[in-house]
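Heads up, the thing below is written out as structure tokens.
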Amino acid sequence: MALANQSAIAERPQTIPATMLAAVYRGVNDVRTETVPVPEIGAGELLLRVHTCGVCGTDLKKIATGSHSAPRIFGHETAGTVAAVGAGVSEFQPGDRVVVFHHIPCRSCFYCRHQTFAQCATYKKVGCTAGFEPSGGGFAEYVRVMDWIVQRGTVRIPDGVSFEQACFVEPVNTCMKGIVALRLQKNETVLVIGQGPIGIILSFLARRAGATVITSDLYAERLKIAESFGLGRAVDASRTNAVEAVREQTEGRGADAVILAVGSNAMIRPAMDAARPGGRVLLFAQTQHGEVVIDPAAICVDEKALLGSYSASVDLQDESVAFVMNREMQLERLISHRFPLHEGGKALELAAHPQPSSMKIVIQPGTAWEK
């Protein structure tokens, strides 16, 4: 997409092609590798050459349910190299290695003043696109980064930090936001249900906050990966009732806090059962509207709190960037599969149907150029 004022558009270096490959969403469970125009940029904007983009569960749900109109190019955990800058951009230059947020709030509306940034109208506007309706665009070779994202949501990647590590900045931010919502106290016991990459990050951050963490998953392979990050108190839910196991470890009370890091609504009731009276339960992966049966007395009589956390917080941007770039957690180790862009469909299929050994899936247009 080009701005009407053509004089504001940056001159494209000859090295930038007119067309590129992209994984284009065309309908329910229909993503095709297509040749599309490289997006034009305007004043204040960047053109980013994508190296690595993580596959996020929210994109998978949009693709599987058809909740968004087609065509679109999804992908928002995006790291790459600045290919061109628009007029007026002085803080970035071609060749800079950066990671971009795709949502940044206005900081002044009602919702921002109440720190519910994901409800801000500006936040809901996606600020990165590879064409069509802006939807992140990271599943493409080039992405247009709009001006408010350039100003407040583009972060340099330090020397010695890989694109793979850097692409975790946004998901780490969302996890930090969830941990803040739980208001964890030191030495509290936290059960984290689900040890996919997000569950492991949430577990690591809960331990970082001073909590005693119990992990739970149906796959022993995932619990072993969690253990390699120092998360050794595990419940193999394929063999053991996690609710009973947690009560055994907490003098019969249950966990002070429970994090549900899997999308199954059927797990909400067990998560609440695992929390002690007066405890908290955080829903982290329930991003689709629906209905679920809960025990209202667990909330009223047992005084359990049911919480939700969605998307990133701009207030945690600096902390999440520091956490990732300082390598407090070796996040690249969560990546189990890497796919070149022309195999994007395979990447999305595997991510949508995870196997015991599959963890974070990334699509890497950068496999076609020097890392």
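All residue names refer to the structure tokens as shown: chains lettered A, B, ... in order, residues numbered from 1 in each chain, ligands numbered from 1 in order.
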
Tell me which protein, DNA and RNA residues are within 6 Å of range 39-54 of chain A, counting only C-alpha atoms, leaving out same-chain ones fewer than 3 positions away, and put them as a PyMOL selection string. chain A and resi 1-3+8-9+77-89+130+138+141-147+362-366

As an NGL selection string, please: the residues near Ala274 in chain A (cut-off 10 Å, only C-alpha atoms, same-chain neighbours under 4 positions excluded). :A and (190-191 or 242-247 or 253-258 or 268-270 or 279-281)

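Those residues that approach range 212-219 of chain A to within 8 Å, counting only C-alpha atoms, are Asn187, Glu188, Thr189, Val190, Leu191, Val192, Ile193, Gly194, Gln195, Ser203, Ala206, Arg207, Leu223, Ala226, Leu231, Gly232, Arg233, Ala234, Val235, Asp236, Ala237, Ser238, Ala242, Val246 and Pro356 of chain A; same-chain residues fewer than 4 positions away are not listed.
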
Once you have the residues from the selection above, write them out as a compact mmCIF listing (two decimals), in the first residue's frame, restricted to C-alpha atoms.
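After the write, result.txt holds the following:
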# COMPACT_ATOMS: atom_id res chain seq x y z
CA ASN A 187 7.05 -18.62 48.04
CA GLU A 188 3.54 -19.04 46.68
CA THR A 189 2.88 -22.29 44.86
CA VAL A 190 1.89 -21.96 41.20
CA LEU A 191 0.61 -24.74 38.96
CA VAL A 192 1.17 -24.14 35.25
CA ILE A 193 -1.00 -26.40 33.11
CA GLY A 194 0.56 -26.92 29.69
CA GLN A 195 4.28 -26.93 28.92
CA SER A 203 6.61 -21.13 34.39
CA ALA A 206 6.63 -17.35 37.79
CA ARG A 207 9.75 -18.89 39.30
CA LEU A 223 8.14 -31.85 30.90
CA ALA A 226 10.75 -27.65 31.05
CA LEU A 231 11.49 -26.40 36.24
CA GLY A 232 11.85 -29.74 37.95
CA ARG A 233 8.62 -30.16 39.92
CA ALA A 234 6.49 -31.86 37.28
CA VAL A 235 3.22 -33.76 37.05
CA ASP A 236 2.79 -36.12 34.10
CA ALA A 237 -0.93 -35.62 33.54
CA SER A 238 -1.10 -38.72 31.34
CA ALA A 242 -2.74 -33.11 38.53
CA VAL A 246 -0.90 -30.47 43.68
CA PRO A 356 5.00 -34.44 21.72

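In this comparison, which uses only C-alpha atoms, the residue of A:Glu343, A:Asp273, A:Asp59, A:Glu319 approaching Asn173 in chain A most closely is A:Glu319.
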
Residues at most 8 Å from range 297-307 of chain A, counting only C-alpha atoms, excluding those fewer than 5 positions away in the same chain, as a ChimeraX atom specification? /A:181-182,272,275-283

Write out as an MDAnalysis selection string the set of residues from range 138-310 of chain A that DSSP, computed on the backbone, places in strand (DSSP E). chainID A and resid 142:145 154:156 189:193 212:217 234:236 255:260 275:283 305:308

Within 12 Å of range 322-330 of chain A using only C-alpha atoms, minus same-chain residues under 3 positions, as a ChimeraX atom specification: /A:98-99,155-173,175-176,197,200-205,208,226,228-230,316-319,333-335
